[in-house]
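File shown: entry04.txt (compact mmCIF, C-alpha atoms).
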# COMPACT_ATOMS: atom_id res chain seq x y z
CA MET S 1 194.44 135.95 200.71
CA SER S 2 192.52 137.50 198.01
CA ASP S 3 190.15 135.53 195.80
CA HIS S 4 191.48 134.29 192.54
CA GLN S 5 190.19 136.23 189.59
CA ARG S 6 188.07 134.28 187.18
CA ILE S 7 189.06 134.59 183.54
CA TYR S 8 186.29 134.17 180.96
CA PRO S 9 187.10 133.36 177.30
CA VAL S 10 186.65 136.19 174.88
CA HIS S 11 185.15 135.49 171.47
CA ASP S 12 187.42 136.54 168.62
CA VAL S 13 185.39 138.41 166.06
CA GLU S 14 188.02 138.21 163.32
CA ALA S 15 188.54 134.47 163.63
CA PRO S 16 187.05 132.47 160.73
CA GLN S 17 183.68 131.04 161.58
CA ARG S 18 182.92 127.40 161.09
CA PRO S 19 179.62 126.53 159.62
CA THR S 20 177.27 125.20 162.15
CA ALA S 21 175.37 123.08 159.62
CA PRO S 22 176.93 120.65 157.13
CA LEU S 23 177.27 121.92 153.58
CA VAL S 24 176.30 118.57 152.18
CA PRO S 25 173.16 116.89 153.35
CA SER S 26 173.66 113.76 155.35
CA ASN S 27 171.79 111.60 152.83
CA ALA S 28 173.99 112.73 149.94
CA SER S 29 176.11 109.95 148.43
CA LYS S 30 179.85 110.22 148.21
CA SER S 31 182.33 109.36 145.48
CA ASP S 32 185.17 106.90 145.82
CA MET S 33 187.45 109.81 146.74
CA GLY S 34 185.20 110.72 149.56
CA ASP S 35 183.79 113.81 147.87
CA PRO S 36 180.11 114.14 147.99
CA MET S 37 178.20 113.64 144.72
CA VAL S 38 175.50 116.13 144.04
CA HIS S 39 172.75 114.83 141.72
CA PRO S 40 171.34 117.31 139.22
CA PRO S 41 167.67 118.11 139.68
CA LEU S 42 165.21 115.98 137.69
CA PRO S 43 163.74 117.73 134.64
CA GLN S 44 160.19 118.84 135.19
CA ARG S 45 157.60 117.81 132.59
CA THR S 46 155.77 120.75 131.19
CA ILE S 47 152.07 120.27 130.46
CA PRO S 48 150.93 122.05 127.30
CA VAL S 49 148.21 124.56 127.86
CA MET S 50 145.12 123.95 125.70
CA HIS S 51 143.45 127.11 124.67
CA SER S 52 139.73 126.51 124.11
CA LYS S 53 138.31 127.98 120.94
CA PRO S 54 135.52 130.47 121.28
CA PRO S 55 132.10 128.96 120.46
CA LYS S 56 131.01 129.38 116.90
CA LYS S 57 128.00 131.51 116.26
CA ARG S 58 125.07 129.78 114.55
CA SER S 59 124.37 130.96 111.06
CA CYS S 60 121.09 132.58 110.06
CA CYS S 61 120.22 129.53 107.94
CA CYS S 62 120.43 127.19 110.96
CA LYS S 63 118.27 129.52 113.03
CA PHE S 64 115.70 129.72 110.22
CA LEU S 65 115.56 125.93 109.89
CA CYS S 66 115.17 125.51 113.65
CA TRP S 67 112.33 128.02 113.76
CA THR S 68 110.64 126.46 110.73
CA PHE S 69 110.87 122.96 112.19
CA SER S 70 109.50 124.18 115.51
CA ILE S 71 106.56 125.94 113.85
CA LEU S 72 105.75 122.89 111.72
CA LEU S 73 105.89 120.65 114.78
CA ILE S 74 103.52 122.95 116.66
CA LEU S 75 101.12 123.03 113.68
CA ILE S 76 101.15 119.22 113.38
CA ILE S 77 100.42 118.84 117.08
CA ALA S 78 97.62 121.43 116.88
CA ILE S 79 96.05 119.71 113.85
CA ALA S 80 96.28 116.32 115.54
CA ILE S 81 94.59 117.69 118.65
CA THR S 82 91.84 119.33 116.54
CA VAL S 83 91.21 116.15 114.53
CA GLY S 84 91.12 114.09 117.71
CA ALA S 85 88.63 116.47 119.31
CA LEU S 86 86.41 116.43 116.20
CA TYR S 87 86.53 112.64 116.07
CA LEU S 88 85.49 112.35 119.71
CA ALA S 89 82.74 114.92 119.22
CA PHE S 90 81.19 113.60 115.98
CA ARG S 91 82.27 109.92 115.83
CA PRO S 92 82.36 109.81 111.98
CA LYS S 93 81.40 106.63 110.12
CA LEU S 94 81.82 105.82 106.44
CA PRO S 95 78.67 105.86 104.29
CA LYS S 96 77.47 102.57 102.83
CA TYR S 97 76.23 101.76 99.34
CA SER S 98 74.60 98.76 97.70
CA VAL S 99 73.16 97.92 94.28
CA ASP S 100 69.70 96.53 94.87
CA LYS S 101 68.30 96.19 91.37
CA LEU S 102 69.49 96.15 87.77
CA SER S 103 67.32 96.09 84.68
CA ILE S 104 68.34 96.29 81.03
CA THR S 105 66.00 98.06 78.65
CA GLN S 106 68.32 98.05 75.65
CA PHE S 107 71.16 95.76 74.67
CA GLN S 108 70.99 95.74 70.90
CA ALA S 109 73.54 95.77 68.14
CA SER S 110 73.24 98.20 65.24
CA ASN S 111 73.54 96.81 61.73
CA ASN S 112 74.91 100.07 60.32
CA ASN S 113 78.20 100.56 62.18
CA ASN S 114 78.45 97.37 64.28
CA SER S 115 77.94 99.31 67.52
CA LEU S 116 76.04 98.23 70.61
CA GLN S 117 73.35 100.39 72.19
CA VAL S 118 73.07 99.81 75.94
CA THR S 119 70.60 101.20 78.50
CA PHE S 120 70.64 100.18 82.16
CA ASN S 121 68.37 101.16 85.04
CA VAL S 122 70.24 100.83 88.33
CA THR S 123 68.77 101.12 91.82
CA ILE S 124 71.36 102.16 94.40
CA THR S 125 70.79 102.54 98.14
CA ALA S 126 72.95 105.11 99.95
CA ARG S 127 73.08 105.03 103.77
CA ASN S 128 74.45 107.70 106.08
CA PRO S 129 74.97 106.08 109.52
CA ASN S 130 76.25 109.23 111.26
CA LYS S 131 74.32 110.93 114.06
CA LYS S 132 75.82 114.42 113.67
CA ILE S 133 77.18 114.50 110.11
CA GLY S 134 75.25 115.39 106.95
CA ILE S 135 76.34 114.89 103.32
CA TYR S 136 75.72 117.28 100.42
CA TYR S 137 75.86 115.46 97.06
CA VAL S 138 76.86 118.21 94.62
CA GLY S 139 77.18 118.38 90.84
CA GLY S 140 79.93 116.79 88.79
CA SER S 141 79.22 113.12 89.60
CA HIS S 142 79.81 110.24 87.20
CA ILE S 143 78.71 106.61 87.26
CA SER S 144 79.61 103.98 84.66
CA ALA S 145 78.98 100.26 84.10
CA TRP S 146 81.78 98.03 82.80
CA TYR S 147 82.10 94.52 81.47
CA MET S 148 85.76 93.54 81.84
CA ASP S 149 87.65 96.43 80.17
CA THR S 150 84.71 97.70 78.10
CA GLN S 151 82.51 100.55 79.28
CA LEU S 152 78.89 99.73 78.49
CA CYS S 153 77.01 102.82 79.68
CA GLU S 154 77.27 105.87 81.97
CA GLY S 155 75.24 108.47 83.82
CA SER S 156 75.25 110.77 86.86
CA LEU S 157 73.76 111.08 90.34
CA PRO S 158 71.30 113.83 91.26
CA LYS S 159 72.08 116.65 93.67
CA PHE S 160 70.61 116.18 97.13
CA TYR S 161 71.28 116.49 100.83
CA GLN S 162 71.43 113.37 102.99
CA GLY S 163 70.73 114.06 106.64
CA HIS S 164 71.71 112.25 109.82
CA ARG S 165 71.05 108.51 109.82
CA ASN S 166 69.29 108.78 106.48
CA THR S 167 68.76 106.11 103.81
CA THR S 168 68.19 107.31 100.24
CA VAL S 169 67.23 105.10 97.29
CA LEU S 170 68.42 106.34 93.87
CA ASN S 171 67.04 105.16 90.52
CA LEU S 172 69.65 105.96 87.90
CA PRO S 173 69.37 105.56 84.11
CA LEU S 174 72.66 104.71 82.35
CA THR S 175 73.05 104.90 78.58
CA GLY S 176 75.96 104.23 76.25
CA GLN S 177 77.25 102.99 72.94
CA THR S 178 80.19 100.66 72.40
CA GLN S 179 82.00 99.55 69.26
CA ASP S 180 82.62 96.01 68.02
CA ALA S 181 79.20 94.75 69.04
CA THR S 182 79.79 91.32 67.49
CA GLY S 183 82.96 90.70 69.47
CA LEU S 184 81.37 91.88 72.73
CA GLU S 185 78.30 89.67 72.28
CA ASN S 186 80.55 86.69 71.60
CA LYS S 187 82.48 87.31 74.83
CA VAL S 188 79.25 87.55 76.83
CA GLN S 189 77.88 84.30 75.36
CA GLN S 190 81.18 82.51 76.01
CA GLN S 191 81.18 83.76 79.62
CA LEU S 192 77.64 82.46 80.15
CA GLN S 193 78.52 79.05 78.78
CA GLN S 194 81.57 78.71 81.03
CA THR S 195 80.33 80.12 84.37
CA ASN S 196 76.56 80.72 83.96
CA ASN S 197 77.04 84.31 85.16
CA ILE S 198 78.45 87.62 84.00
CA PRO S 199 80.69 89.94 86.12
CA LEU S 200 79.97 93.67 86.01
CA ASN S 201 81.62 96.67 87.64
CA LEU S 202 79.95 99.91 88.65
CA LYS S 203 82.29 102.85 89.21
CA VAL S 204 81.05 106.00 90.93
CA LYS S 205 82.81 109.34 91.38
CA GLN S 206 80.76 111.74 93.51
CA PRO S 207 81.87 115.17 94.80
CA VAL S 208 80.38 115.92 98.21
CA ARG S 209 80.60 118.46 101.00
CA ILE S 210 80.49 117.26 104.59
CA LYS S 211 78.41 119.14 107.18
CA LEU S 212 79.64 118.96 110.78
CA GLY S 213 76.93 120.48 112.93
CA LYS S 214 76.46 123.88 111.30
CA LEU S 215 79.88 123.91 109.63
CA LYS S 216 80.07 122.98 105.95
CA LEU S 217 83.53 121.73 104.96
CA PHE S 218 85.38 121.94 101.65
CA LYS S 219 84.57 119.68 98.70
CA ILE S 220 85.91 116.12 98.63
CA ASN S 221 85.37 113.14 96.33
CA PHE S 222 83.62 109.89 97.18
CA ARG S 223 84.75 106.97 95.07
CA VAL S 224 82.64 103.82 95.10
CA ARG S 225 83.29 100.62 93.19
CA CYS S 226 80.70 97.85 93.19
CA ARG S 227 81.36 94.35 91.87
CA LEU S 228 78.25 92.59 90.61
CA VAL S 229 77.58 89.13 89.32
CA VAL S 230 74.39 88.81 87.21
CA ASP S 231 72.80 85.89 85.44
CA SER S 232 72.34 87.54 82.01
CA LEU S 233 72.52 90.75 79.99
CA GLY S 234 69.42 90.23 77.89
CA ALA S 235 67.11 93.17 77.19
CA ASN S 236 63.70 93.31 78.87
CA ASN S 237 64.64 90.51 81.25
CA ASP S 238 64.63 90.42 85.02
CA ILE S 239 68.33 90.45 85.88
CA ARG S 240 69.13 88.53 89.03
CA ILE S 241 72.06 89.87 91.08
CA SER S 242 73.74 86.91 92.73
CA SER S 243 76.67 88.85 94.25
CA ASN S 244 76.97 92.47 95.26
CA SER S 245 79.89 94.14 97.10
CA CYS S 246 80.81 97.81 97.19
CA LYS S 247 84.04 99.42 98.35
CA PHE S 248 84.29 103.03 99.43
CA ARG S 249 87.27 105.36 99.15
CA LEU S 250 87.75 108.98 100.10
CA ARG S 251 89.90 111.50 98.23
CA LEU S 252 90.57 115.11 99.10

Mind turning this structure into structure tokens?
Amino acid sequence: MSDHQRIYPVHDVEAPQRPTAPLVPSNASKSDMGDPMVHPPLPQRTIPVMHSKPPKKRSCCCKFLCWTFSILLILIIAIAITVGALYLAFRPKLPKYSVDKLSITQFQASNNNNSLQVTFNVTITARNPNKKIGIYYVGGSHISAWYMDTQLCEGSLPKFYQGHRNTTVLNLPLTGQTQDATGLENKVQQQLQQTNNIPLNLKVKQPVRIKLGKLKLFKINFRVRCRLVVDSLGANNDIRISSNSCKFRLRL
């Protein structure tokens, strides 16, 4: 008996095909009617794009100010370095002054116009303590003697050069004429009765030029003020100086 023929199923091409995968995802929720509910997609948040502005160009005025400030700063630093080097090289010290002697040759009132004729002879000692610095005392100096707010007499210092570590003694004549001799003499006598002394001021203005080694610098002004206390202002008397202090200032 012959073998039974095996029949294999034939796939129908025209038959409608069933989807192999579910149309609705398994995790999708369903409505009460059993229909699946599809949630709309969440709105996406848009981030605004910030456009950076191009850098601003510096103006010519700003550049000029920056350059000027830089140049000034460099000059200040250079000057400071130069001054520091000069200070270390020369070790400058201030000159010192003292009034050693005072004599009065004339202190007499005039009967004609009630004026007072005054003549002083002042001995001043000037000391230069510097090892490497010289001082040129040039023309244009002025020295005056004052009692309170009244100028009694005036004069000037001679021209000379003061070398290193030098001490120079100056004998200076001062002459002058003041008004209201009677009132001034009364003030002096009243001062003597109250304190037994008389305060005087000597004011000195002296142009000088400083010499550093072989270099002679520009002209500057020495200003010296000495406060004296004397026992009298009588003419042809030995005036005793009981107090003597001088202060020095420097002006360009």

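Restricting the calculation to all atoms listed in the file, the smallest distance between Ser115 in chain S and any of S:Ala181, S:Trp146, S:Asn171, S:Phe218 is found for S:Ala181.
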
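Within the 8 Å cut-off around Asn128 in chain S, using all atoms listed in the file and omitting residues fewer than 2 positions from it on the same chain, the listed residues are S:Leu94, S:Pro95, S:Lys96, S:Ala126, S:Asn130, S:Gly134, S:Ile135, S:Gln162, S:Gly163, S:His164, S:Arg165, S:Asn166, S:Thr167.
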
What does the distance between CA of Asp149 in chain S and CA of Val99 in chain S come to in Å, to one decimal place? 20.3 Å

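Near Ile241 in chain S, within 7 Å and counting all atoms listed in the file, sit Leu228, Val229, Val230 and Asp231 of chain S; same-chain residues fewer than 4 positions away were not included.
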
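Going from CA of Leu157 in chain S over to CA of Leu215 in chain S, you cover 24.0 Å.
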
Measure the distance from CA of Cys246 in chain S to CA of Arg127 in chain S in Å and round it to one decimal. 12.5 Å

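Considering only C-alpha atoms, the residue among S:Val118, S:Leu65, S:Leu72, S:Leu202 positioned nearest to Ser98 in chain S is S:Leu202.
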
For Gly140 in chain S, list every protein, DNA or RNA residue within 9 Å, evaluated using all atoms listed in the file, and leave out those in the same chain fewer than 6 positions away; present the list as JSON, numbers by chain. {"S": [156, 157, 205, 206, 207]}

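Comparing the minimum interatomic distances between Asn114 in chain S and each of S:Leu184, S:Ile81, S:Ile71, S:Met148, counting all atoms listed in the file, we find that S:Leu184 sits nearest.
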
May I have the protein, DNA and RNA residues with any atom at most 12 Å from the point (73.1, 125.0, 112.1), counting only C-alpha atoms, written as a short mmCIF file (atom, residue, chain, number, x, y, z; two decimals) with C-alpha atoms, keeping the file's coordinate frame?
data_model
loop_
_atom_site.label_atom_id
_atom_site.label_comp_id
_atom_site.auth_asym_id
_atom_site.auth_seq_id
_atom_site.Cartn_x
_atom_site.Cartn_y
_atom_site.Cartn_z
CA LYS S 132 75.82 114.42 113.67
CA ILE S 133 77.18 114.50 110.11
CA GLY S 134 75.25 115.39 106.95
CA LYS S 211 78.41 119.14 107.18
CA LEU S 212 79.64 118.96 110.78
CA GLY S 213 76.93 120.48 112.93
CA LYS S 214 76.46 123.88 111.30
CA LEU S 215 79.88 123.91 109.63
CA LYS S 216 80.07 122.98 105.95
#

Counting only C-alpha atoms, which residues sit no farther than 8 Å from the position (73.6, 85.2, 82.1) in the file's frame? I'd like them as an NGL selection string. :S and (192 or 196-198 or 230-234)
